[in-house]
Amino acid sequence: MVLKKEKAINILKWICFTLGCIIMAFAFNIFYMPNKIAPGGFSGLATVFYTVTGFPVGTATFLMCIPLFLILYKQDGKKGLIKTLYGTFVFSFFLDTLKFEGITDDMVLASVFGGVIYGIGSGIVFKVGGSTGGTDTVAMIVQKKVPSMNLGVLVMLFDGIVIMIAGLVLKNIEVMLYSAIAIFVSSKVIDLIQSGINYARAFYIFTDEVDLLKDEIYKKLDRGITILHAKGGYKKEDRNVILCVVDRPQVTKLKQIIRQVDENAFVILAQVSEVLGEGFKGHS
């Protein structure tokens with residue numbers, strides 16, 4: 001029974017992987033290519049090549065990724081290669097077979113909505129552990145050789161080079177600017193899909209009324225807390241700090257509880273990108 005469930009989940013992941021690649025190709029064909037937007041990566045370079053020569057974007061993308069496949073195979077064997085090879089093939093195939101006319105020639109709309117839809121597709125691909133051989137894969141390969149390099153900086157560097165090439169070859173500074181907007185929007189959408197849309201805040205509460213505040217939180221919010229042991233930097237006094245993570249509707253309520261119990265409490269609110277566990281998503 002467990003094996004059947006795992007098999008079904010694995011099949012669903014591959015379906016989502018394929019769907020994500022198709023969505024990416026769709027965004028490329030109706031927003032990016034008609035407006036010569038080159039949103040980084042090999043597909044961005046292929047877009048520039050297509051604009052100059054008319055050579056199919058999908059085919060060019062796949063051919064450019066071949067050296068990447070060889071490196072991945074050498075580093076990680078078949079296991080490290082198969083998903084990248086599959087994702088690149090599906091993405092490239094649908095780039096050349098999904099033929100749609102561009103729906104807008106407004107560069108702002110194309111870069112923003114293209115970024116949103118492309119980001120949704122990429123987010124789905126990354127969410128299920130897939131890859132389409134983009135600059136993130138190149139960055140990871142480079143980072144393995146030079147561990148001190150930051151992965152995010154490498155991705156930005158490679159995408160920036162592609163954008164600059166697009167602007168120089170097409171002799172259009174606006175292409176560079178709108179391509180940068182497309183990358184920014186898609187990256188934010190990818191982050192949203194990866195982290196989810198849950199909203200949570202972590203409260204660090206410095207108070208002399210730890211026991212009373214703890215009881216009020218349990219009673220009125222039904223939230224667990226963690227008591228952290230700290231030492232004051234100036235007076236060197238030992239004290240306890242309450243850590244409590246709450247979701248959106250409870251933020252204001254917890255502020256009110258703190259004011260009622262100890263209006264002199266010192267509170268730090270920290271944004272939480274993801275929470276897994278009882279009372280939050282990801283817990284069953």
# chains A, B, ... in the order shown; residues from 1 in each chain; ligands from 1
call {"tool": "residues_around", "arguments": {"residues": "Val138 in chain A", "least_positions_apart": "6", "cutoff": "12 Å", "atoms": "only C-alpha atoms", "output": "ChimeraX atom specification"}}
result
/A:40-42,64-65,67-69,71-72,84,131-132,144-145,151-152,154-159
call {"tool": "select_by_dssp", "arguments": {"residues": "range 74-281 of chain A", "states": "strand (DSSP E or B)", "output": "ChimeraX atom specification"}}
result
/A:200-206,226-231,238-247,266-272
call {"tool": "residues_around", "arguments": {"residues": "range 5-21 of chain A", "least_positions_apart": "2", "cutoff": "8 Å", "atoms": "only C-alpha atoms", "output": "PDB file with C-alpha atoms, in the first residue's frame"}}
result
ATOM      1  CA  MET A   1       0.000   0.000   0.000  1.00  0.00           C
ATOM      2  CA  VAL A   2       2.823   2.348   0.922  1.00  0.00           C
ATOM      3  CA  LEU A   3       4.672   1.486  -2.289  1.00  0.00           C
ATOM      4  CA  ILE A  23       3.653  26.598 -18.993  1.00  0.00           C
ATOM      5  CA  MET A  24       7.173  28.012 -19.315  1.00  0.00           C
ATOM      6  CA  ALA A  25       7.154  27.413 -23.073  1.00  0.00           C
ATOM      7  CA  GLY A  87      13.024  19.018 -18.449  1.00  0.00           C
ATOM      8  CA  VAL A  90      10.155  18.983 -22.886  1.00  0.00           C
ATOM      9  CA  PHE A  91      10.684  22.744 -22.552  1.00  0.00           C
ATOM     10  CA  ILE A 120       4.541  29.816 -12.261  1.00  0.00           C
ATOM     11  CA  GLY A 121       5.891  27.189 -14.632  1.00  0.00           C
ATOM     12  CA  SER A 122       9.419  27.393 -13.218  1.00  0.00           C
ATOM     13  CA  GLY A 123       8.085  27.316  -9.670  1.00  0.00           C
ATOM     14  CA  ILE A 124       6.172  24.104 -10.373  1.00  0.00           C
ATOM     15  CA  VAL A 125       9.283  22.543 -11.936  1.00  0.00           C
ATOM     16  CA  VAL A 128       8.881  18.848  -7.694  1.00  0.00           C
ATOM     17  CA  GLY A 130      12.965  19.228 -11.624  1.00  0.00           C
ATOM     18  CA  THR A 132      15.293  22.748 -17.318  1.00  0.00           C
TER      19      THR A 132
END
call {"tool": "residues_around", "arguments": {"residues": "range 49-61 of chain A", "least_positions_apart": "5", "cutoff": "9 Å", "atoms": "only C-alpha atoms", "output": "PyMOL selection string"}}
result
chain A and resi 25+33+36+41-44+88-89+91-97+169-170
call {"tool": "write_last_selection", "arguments": {"atoms": "N, CA and C atoms", "output": "CSV table (one decimal), in the first residue's frame"}}
result
chain,number,residue,atom,x,y,z
A,25,ALA,N,7.1,27.3,-21.6
A,25,ALA,CA,7.2,27.4,-23.1
A,25,ALA,C,6.0,28.3,-23.6
A,33,MET,N,9.2,35.9,-26.8
A,33,MET,CA,9.7,35.9,-28.2
A,33,MET,C,9.2,37.0,-29.1
A,36,LYS,N,11.0,40.1,-28.2
A,36,LYS,CA,12.5,40.0,-28.2
A,36,LYS,C,13.0,40.1,-26.7
A,41,GLY,N,19.5,32.9,-19.1
A,41,GLY,CA,19.6,31.4,-19.4
A,41,GLY,C,19.9,31.2,-20.9
A,42,PHE,N,20.0,29.9,-21.2
A,42,PHE,CA,20.2,29.4,-22.6
A,42,PHE,C,19.0,29.8,-23.5
A,43,SER,N,17.8,29.8,-22.9
A,43,SER,CA,16.7,30.2,-23.7
A,43,SER,C,16.7,31.6,-24.1
A,44,GLY,N,17.3,32.5,-23.2
A,44,GLY,CA,17.4,33.9,-23.5
A,44,GLY,C,18.4,34.1,-24.6
A,88,THR,N,14.7,19.9,-20.0
A,88,THR,CA,15.2,20.7,-21.1
A,88,THR,C,14.6,20.2,-22.4
A,89,PHE,N,14.4,18.9,-22.6
A,89,PHE,CA,13.8,18.4,-23.8
A,89,PHE,C,12.4,18.8,-23.9
A,91,PHE,N,10.7,21.3,-22.4
A,91,PHE,CA,10.7,22.7,-22.6
A,91,PHE,C,11.0,23.2,-24.0
A,92,SER,N,12.1,22.6,-24.5
A,92,SER,CA,12.6,22.9,-25.8
A,92,SER,C,11.6,22.5,-26.9
A,93,PHE,N,11.1,21.3,-26.7
A,93,PHE,CA,10.1,20.7,-27.7
A,93,PHE,C,8.9,21.6,-27.8
A,94,PHE,N,8.3,22.0,-26.6
A,94,PHE,CA,7.1,22.8,-26.7
A,94,PHE,C,7.4,24.3,-27.1
A,95,LEU,N,8.6,24.7,-26.9
A,95,LEU,CA,9.0,26.0,-27.4
A,95,LEU,C,8.8,26.1,-29.0
A,96,ASP,N,9.2,25.0,-29.6
A,96,ASP,CA,9.1,24.9,-31.1
A,96,ASP,C,7.8,24.4,-31.6
A,97,THR,N,7.0,23.8,-30.8
A,97,THR,CA,5.7,23.2,-31.3
A,97,THR,C,4.5,24.0,-30.9
A,169,VAL,N,23.6,42.9,-29.0
A,169,VAL,CA,23.4,42.3,-30.3
A,169,VAL,C,22.2,42.9,-31.0
A,170,LEU,N,21.1,43.2,-30.2
A,170,LEU,CA,19.9,43.8,-30.8
A,170,LEU,C,20.0,45.3,-30.9
call {"tool": "select_by_dssp", "arguments": {"residues": "range 95-246 of chain A", "states": "alpha helix (DSSP H)", "output": "PyMOL selection string"}}
result
chain A and resi 95-97+107-127+135-145+151-170+173-195+210-221
call {"tool": "atom_distance", "arguments": {"atom1": "CA of Asp211 in chain A", "atom2": "CA of Val267 in chain A"}}
result
16.2 Å
call {"tool": "residues_around", "arguments": {"residues": "Pro39 in chain A", "least_positions_apart": "3", "cutoff": "8 Å", "atoms": "only C-alpha atoms", "output": "ChimeraX atom specification"}}
result
/A:32,43-44,159,162-163,179-180,182-183
call {"tool": "write_last_selection", "arguments": {"atoms": "N, CA and C atoms", "output": "PDB file, in the first residue's frame"}}
result
ATOM      1  N   TYR A  32       7.498  36.567 -24.450  1.00  0.00           N
ATOM      2  CA  TYR A  32       8.913  36.881 -24.586  1.00  0.00           C
ATOM      3  C   TYR A  32       9.373  36.985 -26.041  1.00  0.00           C
ATOM      4  N   SER A  43      17.819  29.773 -22.942  1.00  0.00           N
ATOM      5  CA  SER A  43      16.653  30.156 -23.749  1.00  0.00           C
ATOM      6  C   SER A  43      16.699  31.640 -24.101  1.00  0.00           C
ATOM      7  N   GLY A  44      17.267  32.460 -23.205  1.00  0.00           N
ATOM      8  CA  GLY A  44      17.435  33.874 -23.504  1.00  0.00           C
ATOM      9  C   GLY A  44      18.424  34.083 -24.634  1.00  0.00           C
ATOM     10  N   ASP A 159      22.705  35.532 -15.655  1.00  0.00           N
ATOM     11  CA  ASP A 159      21.531  36.151 -16.287  1.00  0.00           C
ATOM     12  C   ASP A 159      21.864  37.561 -16.772  1.00  0.00           C
ATOM     13  N   VAL A 162      23.656  37.419 -20.073  1.00  0.00           N
ATOM     14  CA  VAL A 162      22.725  37.140 -21.177  1.00  0.00           C
ATOM     15  C   VAL A 162      21.958  38.401 -21.558  1.00  0.00           C
ATOM     16  N   ILE A 163      21.498  39.142 -20.554  1.00  0.00           N
ATOM     17  CA  ILE A 163      20.750  40.377 -20.810  1.00  0.00           C
ATOM     18  C   ILE A 163      21.618  41.391 -21.555  1.00  0.00           C
ATOM     19  N   SER A 179      13.988  42.842 -20.059  1.00  0.00           N
ATOM     20  CA  SER A 179      14.414  41.482 -19.729  1.00  0.00           C
ATOM     21  C   SER A 179      14.725  41.368 -18.240  1.00  0.00           C
ATOM     22  N   ALA A 180      15.332  42.421 -17.689  1.00  0.00           N
ATOM     23  CA  ALA A 180      15.627  42.441 -16.253  1.00  0.00           C
ATOM     24  C   ALA A 180      14.334  42.424 -15.439  1.00  0.00           C
ATOM     25  N   ALA A 182      11.489  41.131 -16.402  1.00  0.00           N
ATOM     26  CA  ALA A 182      10.923  39.783 -16.547  1.00  0.00           C
ATOM     27  C   ALA A 182      11.591  38.809 -15.582  1.00  0.00           C
ATOM     28  N   ILE A 183      12.908  38.881 -15.454  1.00  0.00           N
ATOM     29  CA  ILE A 183      13.634  37.999 -14.538  1.00  0.00           C
ATOM     30  C   ILE A 183      13.238  38.278 -13.095  1.00  0.00           C
TER      31      ILE A 183
END
call {"tool": "closest_residue", "arguments": {"among": "A:Val272, A:Ala230, A:Val185, A:Met176", "to": "Val246 in chain A", "atoms": "only C-alpha atoms"}}
result
A:Val272
call {"tool": "atom_distance", "arguments": {"atom1": "CA of Ile165 in chain A", "atom2": "CA of Met107 in chain A"}}
result
18.4 Å
call {"tool": "residues_around", "arguments": {"residues": "Asn240 in chain A", "least_positions_apart": "2", "cutoff": "10 Å", "atoms": "only C-alpha atoms", "output": "number ranges by chain"}}
result
A: 205-210, 226-231, 238, 242-243
call {"tool": "closest_residue", "arguments": {"among": "A:Ala27, A:Leu168, A:Leu63, A:Leu98", "to": "Val112 in chain A", "atoms": "only C-alpha atoms"}}
result
A:Ala27
call {"tool": "residues_around", "arguments": {"residues": "Lys253 in chain A", "least_positions_apart": "2", "cutoff": "12 Å", "atoms": "only C-alpha atoms", "output": "MDAnalysis selection string"}}
result
chainID A and resid 216:217 220:223 246:251 255:260
call {"tool": "closest_residue", "arguments": {"among": "A:Ala110, A:Ile141, A:Thr252, A:Gly232", "to": "Asp76 in chain A", "atoms": "only C-alpha atoms"}}
result
A:Ile141
